[in-house]
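Content type TSV, C-alpha atoms, from the file protein.tsv:
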```tsv
chain	number	residue	atom	x	y	z
A	21	MET	CA	-21.76	-27.26	-8.51
A	22	GLU	CA	-24.72	-25.08	-9.42
A	23	GLY	CA	-25.56	-22.69	-12.19
A	24	MET	CA	-27.83	-21.89	-15.08
A	25	ILE	CA	-28.32	-20.03	-18.33
A	26	THR	CA	-31.60	-18.28	-19.17
A	27	ASP	CA	-33.16	-16.34	-22.04
A	28	GLN	CA	-32.62	-13.14	-20.02
A	29	SER	CA	-29.47	-11.06	-20.36
A	30	GLY	CA	-26.48	-12.24	-18.31
A	31	PRO	CA	-23.97	-12.46	-16.89
A	32	TYR	CA	-24.72	-15.97	-15.64
A	33	LEU	CA	-23.03	-17.43	-12.57
A	34	ILE	CA	-21.65	-20.92	-12.08
A	35	LYS	CA	-20.65	-21.81	-8.49
A	36	ILE	CA	-18.24	-24.67	-7.87
A	37	SER	CA	-17.27	-25.93	-4.42
A	38	LYS	CA	-16.32	-29.09	-2.59
A	39	THR	CA	-18.13	-30.60	0.36
A	40	VAL	CA	-16.42	-30.12	3.72
A	41	PRO	CA	-16.73	-32.05	7.00
A	42	ILE	CA	-19.78	-31.11	9.07
A	43	SER	CA	-17.49	-29.77	11.81
A	44	GLN	CA	-16.10	-27.18	9.36
A	45	GLN	CA	-19.25	-26.12	7.54
A	46	VAL	CA	-19.94	-23.28	9.97
A	47	TYR	CA	-16.59	-21.70	9.26
A	48	LYS	CA	-15.91	-21.98	5.53
A	49	SER	CA	-16.70	-23.46	2.15
A	50	ASP	CA	-14.09	-25.22	0.07
A	51	PHE	CA	-14.35	-23.41	-3.26
A	52	VAL	CA	-12.90	-24.91	-6.44
A	53	LYS	CA	-10.46	-22.33	-7.78
A	54	GLY	CA	-8.69	-22.07	-11.12
A	55	ALA	CA	-10.99	-24.35	-13.08
A	56	GLN	CA	-11.65	-23.98	-16.79
A	57	VAL	CA	-15.41	-23.57	-17.30
A	58	VAL	CA	-16.92	-23.52	-20.78
A	59	ILE	CA	-20.58	-23.21	-21.84
A	60	LYS	CA	-21.52	-24.27	-25.36
A	61	ASP	CA	-24.69	-24.67	-27.43
A	62	ASP	CA	-25.78	-26.97	-30.22
A	63	GLN	CA	-24.97	-24.31	-32.85
A	64	GLY	CA	-21.22	-24.40	-32.21
A	65	ASN	CA	-21.13	-21.30	-30.01
A	66	SER	CA	-19.13	-21.39	-26.78
A	67	GLU	CA	-17.69	-19.12	-24.11
A	68	SER	CA	-15.07	-19.57	-21.40
A	69	LEU	CA	-16.18	-18.19	-18.05
A	70	THR	CA	-14.14	-15.83	-15.86
A	71	GLU	CA	-13.51	-16.55	-12.19
A	72	LYS	CA	-14.21	-13.24	-10.45
A	73	SER	CA	-14.03	-14.59	-6.90
A	74	SER	CA	-13.16	-17.95	-5.37
A	75	GLY	CA	-15.32	-20.63	-7.01
A	76	ASN	CA	-17.61	-18.09	-8.75
A	77	TYR	CA	-17.39	-18.19	-12.55
A	78	PHE	CA	-19.22	-15.67	-14.76
A	79	THR	CA	-20.12	-15.41	-18.42
A	80	GLN	CA	-19.32	-12.25	-20.34
A	81	SER	CA	-21.60	-12.02	-23.37
A	82	PHE	CA	-23.25	-15.42	-23.82
A	83	GLN	CA	-27.05	-15.20	-24.21
A	84	GLY	CA	-29.47	-18.10	-23.83
A	85	MET	CA	-32.07	-18.62	-26.56
A	86	VAL	CA	-35.28	-20.66	-26.44
A	87	GLY	CA	-35.00	-23.86	-28.48
A	88	ARG	CA	-31.22	-24.20	-28.28
A	89	VAL	CA	-29.44	-26.93	-26.33
A	90	TYR	CA	-26.75	-26.03	-23.78
A	91	SER	CA	-24.10	-27.88	-21.80
A	92	ILE	CA	-21.19	-27.02	-19.56
A	93	THR	CA	-17.70	-28.52	-19.26
A	94	ILE	CA	-15.55	-28.07	-16.15
A	95	THR	CA	-11.85	-28.97	-16.04
A	96	THR	CA	-10.20	-28.69	-12.62
A	97	THR	CA	-6.55	-27.87	-11.98
A	98	GLU	CA	-6.06	-31.58	-11.19
A	99	GLY	CA	-7.22	-32.48	-14.69
A	100	GLN	CA	-10.60	-33.88	-13.69
A	101	ILE	CA	-13.27	-33.22	-16.30
A	102	TYR	CA	-17.01	-32.93	-15.68
A	103	GLN	CA	-19.81	-32.31	-18.15
A	104	SER	CA	-23.51	-31.65	-17.89
A	105	ILE	CA	-26.15	-33.62	-19.72
A	106	PRO	CA	-27.34	-31.37	-22.61
A	107	GLU	CA	-30.26	-29.17	-21.57
A	108	LYS	CA	-32.78	-27.75	-24.04
A	109	LEU	CA	-33.93	-24.25	-23.17
A	110	LEU	CA	-37.72	-24.63	-23.18
A	111	PRO	CA	-40.17	-21.71	-23.27
A	112	VAL	CA	-42.12	-20.79	-20.16
A	113	GLY	CA	-45.56	-19.30	-19.59
A	114	ASP	CA	-46.08	-16.07	-17.71
A	115	PHE	CA	-47.79	-15.57	-14.36
A	116	SER	CA	-50.14	-12.90	-13.08
A	117	ASN	CA	-52.25	-11.80	-10.11
A	118	LEU	CA	-49.27	-11.70	-7.76
A	119	HIS	CA	-51.01	-10.84	-4.50
A	120	TYR	CA	-50.96	-11.37	-0.75
A	121	GLU	CA	-53.24	-12.29	2.13
A	122	PHE	CA	-52.38	-11.45	5.74
A	123	VAL	CA	-52.67	-14.34	8.21
A	124	GLN	CA	-52.76	-13.71	11.98
A	125	LYS	CA	-52.15	-16.73	14.19
A	126	GLU	CA	-51.02	-15.05	17.41
A	127	PRO	CA	-51.45	-11.75	19.29
A	128	SER	CA	-49.55	-8.86	17.78
A	129	ASN	CA	-47.30	-8.24	20.81
A	130	VAL	CA	-45.85	-11.75	21.26
A	131	ASN	CA	-42.00	-11.85	21.51
A	132	ARG	CA	-41.83	-8.11	20.80
A	133	GLN	CA	-42.42	-9.25	17.21
A	134	VAL	CA	-38.78	-10.32	16.71
A	135	THR	CA	-40.31	-13.55	15.45
A	136	SER	CA	-43.93	-14.03	14.54
A	137	SER	CA	-46.37	-16.63	13.28
A	138	ASN	CA	-48.24	-13.81	11.59
A	139	GLY	CA	-47.44	-12.80	8.07
A	140	PHE	CA	-48.31	-12.69	4.40
A	141	ASN	CA	-49.18	-15.63	2.19
A	142	ILE	CA	-48.15	-14.85	-1.39
A	143	TYR	CA	-50.19	-16.20	-4.32
A	144	ILE	CA	-49.92	-16.26	-8.11
A	145	ASP	CA	-51.90	-17.47	-11.12
A	146	SER	CA	-49.72	-19.15	-13.72
A	147	ASP	CA	-49.93	-20.20	-17.37
A	148	VAL	CA	-48.19	-23.46	-18.27
A	149	LEU	CA	-47.29	-23.86	-21.96
A	150	PRO	CA	-47.72	-27.24	-23.67
A	151	GLU	CA	-43.93	-27.41	-24.21
A	152	GLN	CA	-43.44	-27.32	-20.44
A	153	GLU	CA	-45.28	-30.65	-20.07
A	154	GLY	CA	-46.66	-29.56	-16.71
A	155	ARG	CA	-43.28	-28.59	-15.29
A	156	ALA	CA	-42.42	-25.22	-13.77
A	157	TRP	CA	-39.85	-24.00	-11.26
A	158	TRP	CA	-40.03	-20.88	-9.10
A	159	ARG	CA	-37.25	-18.91	-7.43
A	160	LEU	CA	-37.95	-16.21	-4.85
A	161	THR	CA	-35.74	-13.30	-3.85
A	162	GLY	CA	-36.84	-11.17	-0.92
A	163	THR	CA	-35.14	-7.93	0.14
A	164	PHE	CA	-35.66	-5.90	3.30
A	165	GLU	CA	-33.93	-3.01	5.05
A	166	ILE	CA	-32.57	-3.33	8.59
A	167	PHE	CA	-30.90	-1.05	11.13
A	168	THR	CA	-28.31	-1.94	13.79
A	169	TYR	CA	-26.32	-0.08	16.45
A	170	PRO	CA	-22.59	-0.84	15.95
A	171	ARG	CA	-21.60	2.10	18.16
A	172	LEU	CA	-22.94	0.08	21.12
A	173	GLN	CA	-20.62	-2.87	20.46
A	174	VAL	CA	-18.57	-3.84	23.53
A	175	ASP	CA	-15.62	-6.10	24.31
A	176	PRO	CA	-15.54	-8.11	27.57
A	177	GLU	CA	-12.29	-7.80	29.50
A	178	ALA	CA	-11.22	-9.29	32.82
A	179	ILE	CA	-10.22	-6.68	35.40
A	180	GLY	CA	-9.22	-8.42	38.58
A	181	THR	CA	-11.97	-10.91	39.37
A	182	GLU	CA	-14.61	-9.04	37.40
A	183	ILE	CA	-15.64	-9.00	33.74
A	184	VAL	CA	-15.99	-5.45	32.46
A	185	TYR	CA	-17.59	-4.61	29.11
A	186	LEU	CA	-15.65	-1.84	27.42
A	187	PRO	CA	-16.81	0.15	24.35
A	188	ASP	CA	-15.48	-1.42	21.14
A	189	PRO	CA	-17.25	0.16	18.16
A	190	PRO	CA	-16.09	-0.92	14.67
A	191	ALA	CA	-14.62	1.81	12.50
A	192	CYS	CA	-17.65	1.72	10.21
A	193	SER	CA	-19.85	2.94	13.08
A	194	GLY	CA	-18.45	6.47	12.85
A	195	TYR	CA	-17.36	6.27	16.50
A	196	ARG	CA	-14.08	5.62	18.30
A	197	VAL	CA	-12.93	5.22	21.88
A	198	ILE	CA	-10.74	7.98	23.35
A	199	ARG	CA	-9.43	7.31	26.86
A	200	GLY	CA	-12.24	4.87	27.48
A	201	VAL	CA	-14.97	7.25	26.27
A	202	LEU	CA	-17.12	6.57	23.21
A	203	THR	CA	-16.57	9.53	20.89
A	204	LEU	CA	-18.03	10.45	17.51
A	205	ASN	CA	-15.40	10.78	14.79
A	206	PRO	CA	-15.40	14.28	13.24
A	207	ASN	CA	-17.11	14.36	9.84
A	208	SER	CA	-17.86	10.63	10.01
A	209	THR	CA	-21.07	8.80	9.31
A	210	CYS	CA	-22.06	5.24	10.03
A	211	THR	CA	-21.58	3.03	6.98
A	212	CYS	CA	-22.73	-0.19	8.65
A	213	CYS	CA	-25.90	0.89	10.47
A	214	THR	CA	-28.27	0.46	7.53
A	215	CYS	CA	-28.18	-2.65	5.35
A	216	TRP	CA	-30.33	-4.48	2.86
A	217	VAL	CA	-30.72	-8.21	3.43
A	218	THR	CA	-31.55	-10.72	0.73
A	219	HIS	CA	-33.66	-13.83	1.35
A	220	TYR	CA	-33.84	-16.85	-0.98
A	221	ASN	CA	-36.25	-19.76	-0.87
A	222	GLU	CA	-34.47	-22.60	0.96
A	223	SER	CA	-36.61	-25.41	-0.41
A	224	PRO	CA	-37.16	-26.07	-4.14
A	225	LEU	CA	-40.46	-24.77	-5.51
A	226	ILE	CA	-41.67	-26.94	-8.39
A	227	SER	CA	-45.08	-27.51	-9.94
A	228	ASP	CA	-47.41	-30.35	-9.04
A	229	PRO	CA	-49.23	-31.77	-12.11
A	230	ASN	CA	-52.26	-32.46	-9.89
A	231	PHE	CA	-52.85	-28.71	-9.57
A	232	ILE	CA	-52.68	-27.88	-13.28
A	233	SER	CA	-56.00	-27.56	-15.10
A	234	ASN	CA	-56.35	-26.46	-18.73
A	235	GLN	CA	-52.69	-25.37	-18.77
A	236	LYS	CA	-53.26	-23.08	-15.77
A	237	ILE	CA	-52.35	-22.99	-12.10
A	238	ASN	CA	-54.73	-20.86	-10.05
A	239	ASN	CA	-54.10	-19.20	-6.68
A	240	LEU	CA	-50.84	-21.04	-6.00
A	241	ASN	CA	-49.37	-20.24	-2.55
A	242	ILE	CA	-45.65	-19.81	-3.24
A	243	ALA	CA	-44.38	-18.02	-0.12
A	244	PHE	CA	-44.98	-16.88	3.45
A	245	ILE	CA	-43.36	-13.61	4.57
A	246	GLU	CA	-43.12	-13.33	8.35
A	247	ALA	CA	-44.40	-10.05	9.81
A	248	ASN	CA	-41.56	-9.33	12.24
A	249	VAL	CA	-39.76	-6.12	13.20
A	250	ARG	CA	-36.80	-6.88	10.95
A	251	ASN	CA	-38.63	-7.79	7.75
A	252	PHE	CA	-40.83	-4.73	8.21
A	253	TYR	CA	-38.44	-2.16	9.63
A	254	ASN	CA	-39.32	-0.42	6.36
A	255	LYS	CA	-40.82	-2.64	3.64
A	256	TYR	CA	-40.33	-6.04	2.02
A	257	TYR	CA	-39.60	-6.34	-1.71
A	258	LEU	CA	-40.30	-9.80	-3.18
A	259	GLU	CA	-39.28	-10.83	-6.70
A	260	VAL	CA	-40.83	-14.01	-8.09
A	261	GLU	CA	-39.21	-15.78	-11.04
A	262	GLN	CA	-40.99	-18.51	-13.01
A	263	LEU	CA	-38.72	-20.83	-15.01
A	264	SER	CA	-39.04	-23.65	-17.48
A	265	ILE	CA	-37.33	-26.86	-16.43
A	266	SER	CA	-36.30	-30.13	-18.08
A	267	GLN	CA	-37.52	-33.50	-16.84
A	268	ALA	CA	-34.04	-34.37	-15.51
A	269	LEU	CA	-33.83	-31.18	-13.43
A	270	TYR	CA	-37.44	-31.52	-12.32
A	271	ASP	CA	-36.67	-35.00	-10.96
A	272	PHE	CA	-33.51	-33.65	-9.26
A	273	TRP	CA	-35.40	-30.87	-7.46
A	274	LYS	CA	-38.18	-33.28	-6.52
A	275	ILE	CA	-35.66	-35.51	-4.73
A	276	ILE	CA	-34.07	-32.51	-3.00
A	277	LYS	CA	-37.50	-31.37	-1.83
A	278	VAL	CA	-38.27	-34.80	-0.35
A	279	GLN	CA	-34.92	-34.84	1.45
A	280	LYS	CA	-35.53	-31.42	3.01
A	281	GLN	CA	-38.99	-32.45	4.16
A	282	ASN	CA	-37.58	-35.62	5.76
A	283	THR	CA	-34.68	-34.04	7.66
A	284	SER	CA	-36.76	-33.53	10.80
A	285	ASN	CA	-38.21	-37.05	10.78
A	286	LEU	CA	-36.19	-39.57	12.82
A	287	PHE	CA	-38.06	-42.47	11.22
A	288	GLN	CA	-37.79	-41.32	7.63
A	289	THR	CA	-37.30	-43.84	4.85
A	290	PRO	CA	-33.98	-43.54	2.97
A	291	SER	CA	-34.10	-40.79	0.38
A	292	PRO	CA	-33.36	-41.58	-3.27
A	293	LYS	CA	-29.79	-40.96	-4.38
A	294	THR	CA	-29.23	-37.38	-5.47
A	295	SER	CA	-26.72	-36.49	-8.17
A	296	GLY	CA	-28.15	-33.98	-10.64
A	297	ASN	CA	-27.25	-33.70	-14.31
A	298	ILE	CA	-23.45	-33.35	-13.99
A	299	ILE	CA	-21.29	-36.41	-14.72
A	300	ALA	CA	-17.58	-37.15	-14.38
A	301	ILE	CA	-15.76	-37.81	-17.67
A	302	THR	CA	-12.26	-38.70	-16.47
A	303	PRO	CA	-11.76	-42.05	-14.65
A	304	ASN	CA	-11.55	-42.04	-10.84
A	305	SER	CA	-12.78	-38.45	-10.60
A	306	THR	CA	-14.31	-37.19	-7.39
A	307	SER	CA	-18.06	-37.78	-7.39
A	308	VAL	CA	-20.18	-34.72	-8.12
A	309	ILE	CA	-23.59	-33.46	-7.05
A	310	GLY	CA	-25.17	-30.49	-8.72
A	311	TYR	CA	-26.96	-29.08	-11.71
A	312	PHE	CA	-26.65	-26.92	-14.78
A	313	ALA	CA	-30.01	-25.60	-15.97
A	314	ALA	CA	-31.17	-23.94	-19.17
A	315	SER	CA	-34.43	-22.09	-18.55
A	316	ALA	CA	-36.69	-19.42	-19.94
A	317	SER	CA	-37.64	-16.88	-17.29
A	318	LYS	CA	-40.49	-14.56	-16.35
A	319	LYS	CA	-40.17	-12.17	-13.39
A	320	HIS	CA	-42.58	-9.98	-11.44
A	321	ALA	CA	-42.28	-8.24	-8.07
A	322	ILE	CA	-44.52	-7.15	-5.24
A	323	VAL	CA	-43.88	-4.69	-2.39
A	324	LEU	CA	-45.24	-5.31	1.10
A	325	ASN	CA	-45.23	-2.11	3.12
A	326	ARG	CA	-45.00	-1.76	6.88
A	327	SER	CA	-48.47	-0.22	6.78
A	328	ASP	CA	-49.86	-3.41	5.20
A	329	VAL	CA	-49.51	-5.17	8.56
A	330	PRO	CA	-52.93	-4.58	10.22
A	331	TYR	CA	-51.47	-3.53	13.58
A	332	GLU	CA	-48.55	-1.45	14.81
A	333	ILE	CA	-45.10	-2.92	14.18
A	334	GLN	CA	-42.79	-2.29	17.12
A	335	PRO	CA	-39.30	-0.73	16.76
A	336	ILE	CA	-36.56	-2.97	15.44
A	337	ASP	CA	-34.58	-4.81	18.13
A	338	THR	CA	-31.22	-3.36	19.18
A	339	LEU	CA	-28.28	-5.28	17.72
A	340	ALA	CA	-24.95	-3.88	18.88
A	341	MET	CA	-22.91	-4.80	15.82
A	342	SER	CA	-22.33	-4.01	12.17
A	343	CYS	CA	-25.39	-4.71	10.05
A	344	ILE	CA	-23.11	-6.36	7.48
A	345	LYS	CA	-22.09	-8.97	10.07
A	346	ALA	CA	-25.48	-9.23	11.73
A	347	TYR	CA	-27.25	-10.82	8.77
A	348	LYS	CA	-26.27	-13.34	6.14
A	349	PHE	CA	-26.52	-12.00	2.58
A	350	SER	CA	-26.53	-8.37	3.73
A	351	SER	CA	-25.06	-5.33	2.01
A	352	ALA	CA	-24.72	-1.65	2.89
A	353	THR	CA	-25.36	-0.75	-0.75
A	354	LYS	CA	-28.94	0.26	-1.47
A	355	PRO	CA	-30.47	-1.91	-4.25
A	356	PRO	CA	-31.39	-0.02	-7.43
A	357	PHE	CA	-35.07	-0.97	-7.05
A	358	TRP	CA	-35.37	0.32	-3.47
```
Show how you would write the structure in this file as structure tokens.
Amino acid sequence: MEGMITDQSGPYLIKISKTVPISQQVYKSDFVKGAQVVIKDDQGNSESLTEKSSGNYFTQSFQGMVGRVYSITITTTEGQIYQSIPEKLLPVGDFSNLHYEFVQKEPSNVNRQVTSSNGFNIYIDSDVLPEQEGRAWWRLTGTFEIFTYPRLQVDPEAIGTEIVYLPDPPACSGYRVIRGVLTLNPNSTCTCCTCWVTHYNESPLISDPNFISNQKINNLNIAFIEANVRNFYNKYYLEVEQLSISQALYDFWKIIKVQKQNTSNLFQTPSPKTSGNIIAITPNSTSVIGYFAASASKKHAIVLNRSDVPYEIQPIDTLAMSCIKAYKFSSATKPPFW
């Protein structure tokens, strides 16, 4: 379970799912459907969330306020009840000087630039309020435009003893096959050639008290954006969000961060037990891992243009499939900020 409420306007999203066997994780997630989800504050206000898609529950009008205390209650269709430990919505300082520095570690033509060790380090300066007690949490959302060639999609078929690749364009490509010939549909356009892909930081980004001086964090490196032909087919839009965080959630993310850092180490020491701030209320309930956060938020964005790469970026690689299927978290709808 994961979700949060902030001092910014909603709606807020709560995601609820069950763990699945490793052998099935590639294929699906086991979402918790039909649950009753209620957010309440310490002033007697509450709201029941609406499930708009499997396991995704949204608020309608609830608004977080600094200084108030929030909690969430989840009741499953089996009658199991879970609650979060109350979270006080603390204020958060702002950040400034969002800037980049290009780093080149390899020649510009390696791998046709599909992958690259070259890229942009992203830095910020941050103010940390006394109420934060040295704790801050950052979330990153990167967006870039990509282009694919679904009209070139083929389907292998066995003809005699040979494998023949026949044209098999999806309908969204604007093409069809007539008597074995790839043909453009009259008055059709491709609706799955251009997409916008969203990136999220995979590892928790939390403050280190050792790098805070006089309530400030200076020149903090929060991200690296790879300079490859996909990220910079056009430009890369990066939104940085700085959030306040309670001690309980800070400790939770710290454990998660250690676990992610240790996954590649065969001789790692056992990681501390991870649970989060959600607890089971009913006896014999399924154990739960997750969090419900209440945070103040500050957001700023930066745009990295193709021309900011100090050498020529090669053409994007040819992917013969729908752009919606080619990339995780992709959409054919242009973002409003693009």
- Coordinates-based distance that separates atom CA of A:Asn325 from atom CA of A:Phe164 (Å, one decimal):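 Between atom CA of A:Phe164 and atom CA of A:Asn325 the gap works out to 10.3 Å.
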- Message: Between atom CA of A:Met341 and atom CA of A:Tyr253, what is the distance in Å, rounded to a tenth?
- Response: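 So the two atoms, atom CA of A:Met341 and atom CA of A:Tyr253, lie 16.9 Å apart.
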- Message: My list of candidates is A:Val217, A:Leu33, A:Val112, A:Ala346. Which is closest to A:Gln80 when distances are computed with all atoms listed in the file?
- Response: A:Leu33
- Which residues, written as a PyMOL selection string, have at least one atom at most 6 Å from stretch 69-78 of chain A, with all atoms listed in the file counted and residues fewer than 3 positions away on the same chain left out? chain A and resi 32-36+51-53+57
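If you look at atom CA of A:Gln133 and atom CA of A:Tyr347, they are 17.4 Å away from each other.
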Using only C-alpha atoms, which residues sit within 9 Å of A:Ile142 once same-chain residues fewer than 2 positions away are excluded, as a PDB file with C-alpha atoms, keeping the file's coordinate frame?
```pdb
ATOM      1  CA  LEU A 118     -49.270 -11.700  -7.760  1.00  0.00           C
ATOM      2  CA  HIS A 119     -51.010 -10.840  -4.500  1.00  0.00           C
ATOM      3  CA  TYR A 120     -50.960 -11.370  -0.750  1.00  0.00           C
ATOM      4  CA  GLU A 121     -53.240 -12.290   2.130  1.00  0.00           C
ATOM      5  CA  PHE A 122     -52.380 -11.450   5.740  1.00  0.00           C
ATOM      6  CA  PHE A 140     -48.310 -12.690   4.400  1.00  0.00           C
ATOM      7  CA  ILE A 144     -49.920 -16.260  -8.110  1.00  0.00           C
ATOM      8  CA  LEU A 240     -50.840 -21.040  -6.000  1.00  0.00           C
ATOM      9  CA  ASN A 241     -49.370 -20.240  -2.550  1.00  0.00           C
ATOM     10  CA  ILE A 242     -45.650 -19.810  -3.240  1.00  0.00           C
ATOM     11  CA  ALA A 243     -44.380 -18.020  -0.120  1.00  0.00           C
ATOM     12  CA  PHE A 244     -44.980 -16.880   3.450  1.00  0.00           C
ATOM     13  CA  ILE A 245     -43.360 -13.610   4.570  1.00  0.00           C
TER      14      ILE A 245
END
```
- Item | Residues within 12 Å of A:Arg250, only C-alpha atoms, excluding chain neighbours under 2 positions, as number ranges by chain | A: 132-136, 163-168, 214-217, 245-248, 252-256, 326, 333-339, 343, 346-347
- Query: Between A:Gly99, A:Gly30, A:Asn117, A:Ala314, which has the minimum distance to A:Asp61 (counting only C-alpha atoms)?
  - Reply: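 Of A:Gly99, A:Gly30, A:Asn117, A:Ala314, the one nearest A:Asp61 is A:Ala314, counting only C-alpha atoms.
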- For A:Ser307, list every protein, DNA or RNA residue within 12 Å, evaluated using only C-alpha atoms, and leave out those in the same chain fewer than 3 positions away; present the list as a list of chain:residue names.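 Listing them by chain and then by number gives A:Met21, A:Lys38, A:Thr39, A:Gln100, A:Ile101, A:Tyr102, A:Thr294, A:Ser295, A:Gly296, A:Ile298, A:Ile299, A:Ala300, A:Ile301, A:Thr302, A:Pro303, A:Asn304, A:Gly310.
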- Query: Taking into account only C-alpha atoms, which residue in the set A:Gly154, A:Gly23, A:Pro355, A:Gly54 is nearest to A:Ile232?
  - Reply: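 Closest to A:Ile232, using only C-alpha atoms: A:Gly154.
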- Determine, counting only C-alpha atoms, every residue of protein, DNA or RNA that lies within 12 Å of (-38.6, -33.3, -4.3) in the file coordinates, then give the result as an MDAnalysis selection string. chainID A and resid 157 223:228 269:282 291:294
Just write the chosen residues, C-alpha atoms, as a PDB file, keeping the file's coordinate frame.
```pdb
ATOM      1  CA  TRP A 157     -39.850 -24.000 -11.260  1.00  0.00           C
ATOM      2  CA  SER A 223     -36.610 -25.410  -0.410  1.00  0.00           C
ATOM      3  CA  PRO A 224     -37.160 -26.070  -4.140  1.00  0.00           C
ATOM      4  CA  LEU A 225     -40.460 -24.770  -5.510  1.00  0.00           C
ATOM      5  CA  ILE A 226     -41.670 -26.940  -8.390  1.00  0.00           C
ATOM      6  CA  SER A 227     -45.080 -27.510  -9.940  1.00  0.00           C
ATOM      7  CA  ASP A 228     -47.410 -30.350  -9.040  1.00  0.00           C
ATOM      8  CA  LEU A 269     -33.830 -31.180 -13.430  1.00  0.00           C
ATOM      9  CA  TYR A 270     -37.440 -31.520 -12.320  1.00  0.00           C
ATOM     10  CA  ASP A 271     -36.670 -35.000 -10.960  1.00  0.00           C
ATOM     11  CA  PHE A 272     -33.510 -33.650  -9.260  1.00  0.00           C
ATOM     12  CA  TRP A 273     -35.400 -30.870  -7.460  1.00  0.00           C
ATOM     13  CA  LYS A 274     -38.180 -33.280  -6.520  1.00  0.00           C
ATOM     14  CA  ILE A 275     -35.660 -35.510  -4.730  1.00  0.00           C
ATOM     15  CA  ILE A 276     -34.070 -32.510  -3.000  1.00  0.00           C
ATOM     16  CA  LYS A 277     -37.500 -31.370  -1.830  1.00  0.00           C
ATOM     17  CA  VAL A 278     -38.270 -34.800  -0.350  1.00  0.00           C
ATOM     18  CA  GLN A 279     -34.920 -34.840   1.450  1.00  0.00           C
ATOM     19  CA  LYS A 280     -35.530 -31.420   3.010  1.00  0.00           C
ATOM     20  CA  GLN A 281     -38.990 -32.450   4.160  1.00  0.00           C
ATOM     21  CA  ASN A 282     -37.580 -35.620   5.760  1.00  0.00           C
ATOM     22  CA  SER A 291     -34.100 -40.790   0.380  1.00  0.00           C
ATOM     23  CA  PRO A 292     -33.360 -41.580  -3.270  1.00  0.00           C
ATOM     24  CA  LYS A 293     -29.790 -40.960  -4.380  1.00  0.00           C
ATOM     25  CA  THR A 294     -29.230 -37.380  -5.470  1.00  0.00           C
TER      26      THR A 294
END
```
- Find the residues near A:Cys192: any atom within 7 Å, counting only C-alpha atoms, skip ones fewer than 6 places away on the same chain, and give them as an MDAnalysis selection string. chainID A and resid 210:212
Please, could N, CA and C atoms be added to stretch 142-154 of chain A and the result written as a PDB file, in the coordinates of the input?
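Saved to selection-v2.pdb:
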```pdb
ATOM      1  N   ILE A 142     -48.286 -15.426  -0.052  1.00  0.00           N
ATOM      2  CA  ILE A 142     -48.150 -14.850  -1.390  1.00  0.00           C
ATOM      3  C   ILE A 142     -48.704 -15.846  -2.409  1.00  0.00           C
ATOM      4  N   TYR A 143     -49.518 -15.348  -3.334  1.00  0.00           N
ATOM      5  CA  TYR A 143     -50.190 -16.200  -4.320  1.00  0.00           C
ATOM      6  C   TYR A 143     -49.938 -15.694  -5.743  1.00  0.00           C
ATOM      7  N   ILE A 144     -49.990 -16.624  -6.699  1.00  0.00           N
ATOM      8  CA  ILE A 144     -49.920 -16.260  -8.110  1.00  0.00           C
ATOM      9  C   ILE A 144     -50.898 -17.128  -8.904  1.00  0.00           C
ATOM     10  N   ASP A 145     -51.248 -16.658 -10.090  1.00  0.00           N
ATOM     11  CA  ASP A 145     -51.900 -17.470 -11.120  1.00  0.00           C
ATOM     12  C   ASP A 145     -50.878 -17.657 -12.232  1.00  0.00           C
ATOM     13  N   SER A 146     -50.790 -18.858 -12.775  1.00  0.00           N
ATOM     14  CA  SER A 146     -49.720 -19.150 -13.720  1.00  0.00           C
ATOM     15  C   SER A 146     -50.251 -19.856 -14.966  1.00  0.00           C
ATOM     16  N   ASP A 147     -49.679 -19.492 -16.112  1.00  0.00           N
ATOM     17  CA  ASP A 147     -49.930 -20.200 -17.370  1.00  0.00           C
ATOM     18  C   ASP A 147     -48.806 -21.201 -17.601  1.00  0.00           C
ATOM     19  N   VAL A 148     -49.155 -22.410 -17.990  1.00  0.00           N
ATOM     20  CA  VAL A 148     -48.190 -23.460 -18.270  1.00  0.00           C
ATOM     21  C   VAL A 148     -48.300 -23.839 -19.742  1.00  0.00           C
ATOM     22  N   LEU A 149     -47.264 -23.578 -20.527  1.00  0.00           N
ATOM     23  CA  LEU A 149     -47.290 -23.860 -21.960  1.00  0.00           C
ATOM     24  C   LEU A 149     -47.238 -25.367 -22.220  1.00  0.00           C
ATOM     25  N   PRO A 150     -47.781 -25.812 -23.349  1.00  0.00           N
ATOM     26  CA  PRO A 150     -47.720 -27.240 -23.670  1.00  0.00           C
ATOM     27  C   PRO A 150     -46.292 -27.786 -23.689  1.00  0.00           C
ATOM     28  N   GLU A 151     -45.324 -26.953 -24.147  1.00  0.00           N
ATOM     29  CA  GLU A 151     -43.930 -27.410 -24.210  1.00  0.00           C
ATOM     30  C   GLU A 151     -43.346 -27.677 -22.822  1.00  0.00           C
ATOM     31  N   GLN A 152     -43.937 -27.105 -21.801  1.00  0.00           N
ATOM     32  CA  GLN A 152     -43.440 -27.320 -20.440  1.00  0.00           C
ATOM     33  C   GLN A 152     -43.835 -28.689 -19.886  1.00  0.00           C
ATOM     34  N   GLU A 153     -44.821 -29.320 -20.488  1.00  0.00           N
ATOM     35  CA  GLU A 153     -45.280 -30.650 -20.070  1.00  0.00           C
ATOM     36  C   GLU A 153     -45.619 -30.693 -18.573  1.00  0.00           C
ATOM     37  N   GLY A 154     -46.226 -29.611 -18.098  1.00  0.00           N
ATOM     38  CA  GLY A 154     -46.660 -29.560 -16.710  1.00  0.00           C
ATOM     39  C   GLY A 154     -45.575 -29.221 -15.714  1.00  0.00           C
TER      40      GLY A 154
END
```
